[in-house]
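Presented below is the structure to which this report refers.
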Amino acid sequence: MGVATKGLGVRIARLALAAGLALNLGACFRPLYGPTASGESMQGLLAAIQVDDVNMAQDQERLGHYLRSELIFDLDGSGQPAVPKRYRLKMQGSEQVQTPIVSSTTARAEAGTIVGTVKFSLESLDGRRILTEGVATGTATYDRSIQRFASLRAARDAEIRLAKLLAEQIKTRIASVLAVKPNP
């Protein structure tokens with residue numbers, strides 16, 4: 001019985017250690033959209049961001065338009081009265097279309113992939129201080145058809161999906177910075 005009791009004691013000690021570590025580390029985690037270090041609500045901080053137009057290359061402005069619209073809605077789509085703007089979000093983006101699958105019989109691309117890259121920076125409204133900057137990237141694929149309109153519509157839908165993906169990345173990164181800065 002001595003060996004069995006010793007094994008049981010070791011298991012209880014390990015379980016107690018694991019529980020203690022879990023409780024200690026539990027205090028390290030904070031909900032992203034909960035109260036921030038400054039005491040302001042995350043919704044209020046995100047609503048205080050002015051989203052500038054996205055600088056895109058010629059003939060790529062549509063993705064920039066979709067991205068800006070998504071961010072405006074994601075950051076301040078509450079329908080509440082206008083919050084005074086304290087920050088400015090500047091973005092510069094590019095998109096590239098890749099066609100990895102080409103039919104050997106028709107020599108036409110059967111699918112397309114839109115690759116989007118957006119450099120962003122969150123600054124104070126006067127531009128004196130940069131709070132964060134980064135690069136968001138994403139892809140969206142679509143099927144190409146012999147019918148021209150169907151291919152154009154599929155490409156546009158892919159751009160909308162890509163804009164939503166990029167907007168979500170940018171919003172999450174900004175929120176993670178604003179959540180921990182005591183005085184943004």
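For the structure tokens, the naming scheme is as follows: chains receive sequential letters (A, B, ...) according to their order of presentation, residues are indexed from 1 within each chain, and ligands are indexed from 1 in presentation order.
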Fill in: All strand (DSSP E or B) positions in stretch 54-183 of chain A, as a ChimeraX atom specification
/A:54-55,87-98,102,109,111-124,130-143
Within 7 Å of stretch 162-178 of chain A, which residues of stretch 15-132 of chain A come that close, and what is the closest atom pair and distance in Å for each? Count only C-alpha atoms and give it as a tab-separated table.
```
residue	atom	partner	partner_atom	distance
A:Leu32	CA	A:Ser176	CA	6.4
A:Leu63	CA	A:Ala163	CA	6.4
A:Tyr66	CA	A:Ala163	CA	5.8
A:Leu67	CA	A:Ala163	CA	4.6
A:Glu70	CA	A:Ala167	CA	6.2
A:Leu71	CA	A:Ala167	CA	5.5
```
If you keep all heavy atoms, can you produce a file of those selected residues as a compact mmCIF listing (two decimals), in the first residue's frame?
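Everything below was put into result25.txt:
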```
# COMPACT_ATOMS: atom_id res chain seq x y z
N LEU A 32 -10.68 40.92 -25.35
CA LEU A 32 -10.22 41.95 -26.27
C LEU A 32 -11.19 43.12 -26.33
O LEU A 32 -10.79 44.27 -26.39
CB LEU A 32 -10.03 41.36 -27.68
CG LEU A 32 -9.54 42.32 -28.75
CD1 LEU A 32 -8.19 42.90 -28.36
CD2 LEU A 32 -9.43 41.62 -30.08
N LEU A 63 -11.14 47.63 -54.53
CA LEU A 63 -10.78 46.94 -53.29
C LEU A 63 -10.60 47.94 -52.16
O LEU A 63 -11.03 47.71 -51.04
CB LEU A 63 -9.53 46.09 -53.47
CG LEU A 63 -9.04 45.37 -52.20
CD1 LEU A 63 -10.07 44.37 -51.71
CD2 LEU A 63 -7.71 44.68 -52.46
N TYR A 66 -14.07 49.05 -50.96
CA TYR A 66 -14.70 48.02 -50.13
C TYR A 66 -14.05 47.93 -48.76
O TYR A 66 -14.73 47.79 -47.74
CB TYR A 66 -14.63 46.65 -50.81
CG TYR A 66 -15.46 46.52 -52.07
CD1 TYR A 66 -14.98 45.78 -53.14
CD2 TYR A 66 -16.69 47.12 -52.21
CE1 TYR A 66 -15.72 45.64 -54.30
CE2 TYR A 66 -17.44 46.99 -53.36
CZ TYR A 66 -16.95 46.25 -54.41
OH TYR A 66 -17.69 46.12 -55.55
N LEU A 67 -12.72 48.01 -48.71
CA LEU A 67 -11.99 47.92 -47.45
C LEU A 67 -12.36 49.08 -46.53
O LEU A 67 -12.64 48.89 -45.34
CB LEU A 67 -10.49 47.89 -47.70
CG LEU A 67 -9.60 47.90 -46.46
CD1 LEU A 67 -9.85 46.69 -45.59
CD2 LEU A 67 -8.13 47.96 -46.88
N GLU A 70 -15.91 48.63 -45.16
CA GLU A 70 -15.95 47.59 -44.13
C GLU A 70 -15.39 48.11 -42.80
O GLU A 70 -15.95 47.83 -41.74
CB GLU A 70 -15.17 46.35 -44.57
CG GLU A 70 -15.85 45.52 -45.61
CD GLU A 70 -17.13 44.87 -45.12
OE1 GLU A 70 -17.22 44.51 -43.93
OE2 GLU A 70 -18.05 44.73 -45.94
N LEU A 71 -14.28 48.84 -42.88
CA LEU A 71 -13.67 49.35 -41.64
C LEU A 71 -14.56 50.40 -40.97
O LEU A 71 -14.68 50.41 -39.74
CB LEU A 71 -12.29 49.93 -41.93
CG LEU A 71 -11.19 48.89 -42.04
CD1 LEU A 71 -9.93 49.47 -42.63
CD2 LEU A 71 -10.90 48.27 -40.68
```
Discussion item. Applying 8 Å and only C-alpha atoms, which residues near A:Thr139 remain after dropping the ones on its own chain fewer than 6 positions away? List them as a list in words.
Written reply: Thr113, Ile114, Val115, Gly116 and Leu162 of chain A
Mind dumping the selected residues with N, CA, C and O atoms as a compact mmCIF listing (two decimals), in the first residue's frame?
```
# COMPACT_ATOMS: atom_id res chain seq x y z
N THR A 113 -7.09 33.91 -58.09
CA THR A 113 -6.84 34.21 -56.67
C THR A 113 -6.43 35.67 -56.58
O THR A 113 -5.49 36.09 -57.24
N ILE A 114 -7.16 36.41 -55.78
CA ILE A 114 -6.81 37.81 -55.54
C ILE A 114 -6.00 37.86 -54.25
O ILE A 114 -6.44 37.38 -53.21
N VAL A 115 -4.82 38.42 -54.35
CA VAL A 115 -3.93 38.58 -53.20
C VAL A 115 -3.91 40.06 -52.84
O VAL A 115 -3.57 40.90 -53.68
N GLY A 116 -4.31 40.39 -51.62
CA GLY A 116 -4.34 41.78 -51.18
C GLY A 116 -3.36 42.01 -50.05
O GLY A 116 -3.22 41.19 -49.15
N LEU A 162 -12.34 39.54 -49.69
CA LEU A 162 -10.98 39.92 -49.32
C LEU A 162 -10.99 41.19 -48.47
O LEU A 162 -10.27 41.29 -47.47
```
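Going from atom CA of A:Thr99 to atom CA of A:Ala136 covers 21.6 Å.
The space separating atom CA of A:Gln92 from atom CA of A:Lys119 comes to 5.3 Å.
Nearest to A:Phe73 of all the residues A:Gln43, A:Arg86, A:Ile130, A:Gly93 is A:Gln43, counting only C-alpha atoms.
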Fill in: All helix (DSSP H, G or I) positions in stretch 49-111 of chain A, as a list in words
Glu61, Arg62, Leu63, Gly64, His65, Tyr66, Leu67, Arg68, Ser69, Glu70, Leu71, Ile72, Phe73, Asp74, Leu75 and Asp76 of chain A
Practice prompt. Could you please determine the separation between atom CA of A:Arg129 and atom CA of A:Asn55 in Å, to one decimal place?
Written response: 20.5 Å
Worksheet item: Which residues, written as a VMD selection string, have at least one atom at most 12 Å from A:Ala47, with only C-alpha atoms counted and residues fewer than 3 positions away on the same chain left out?
Response: chain A and resid 40 to 44 50 to 51 71 to 89 171 174 to 175 178
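Residues in contact with stretch 151-160 of chain A at up to 7 Å, not including ones fewer than 5 positions away on its chain and judged by only C-alpha atoms, are Leu63, Tyr66, Ala140, Thr141, Tyr142, Asp143, Arg144 and Ser145 of chain A.
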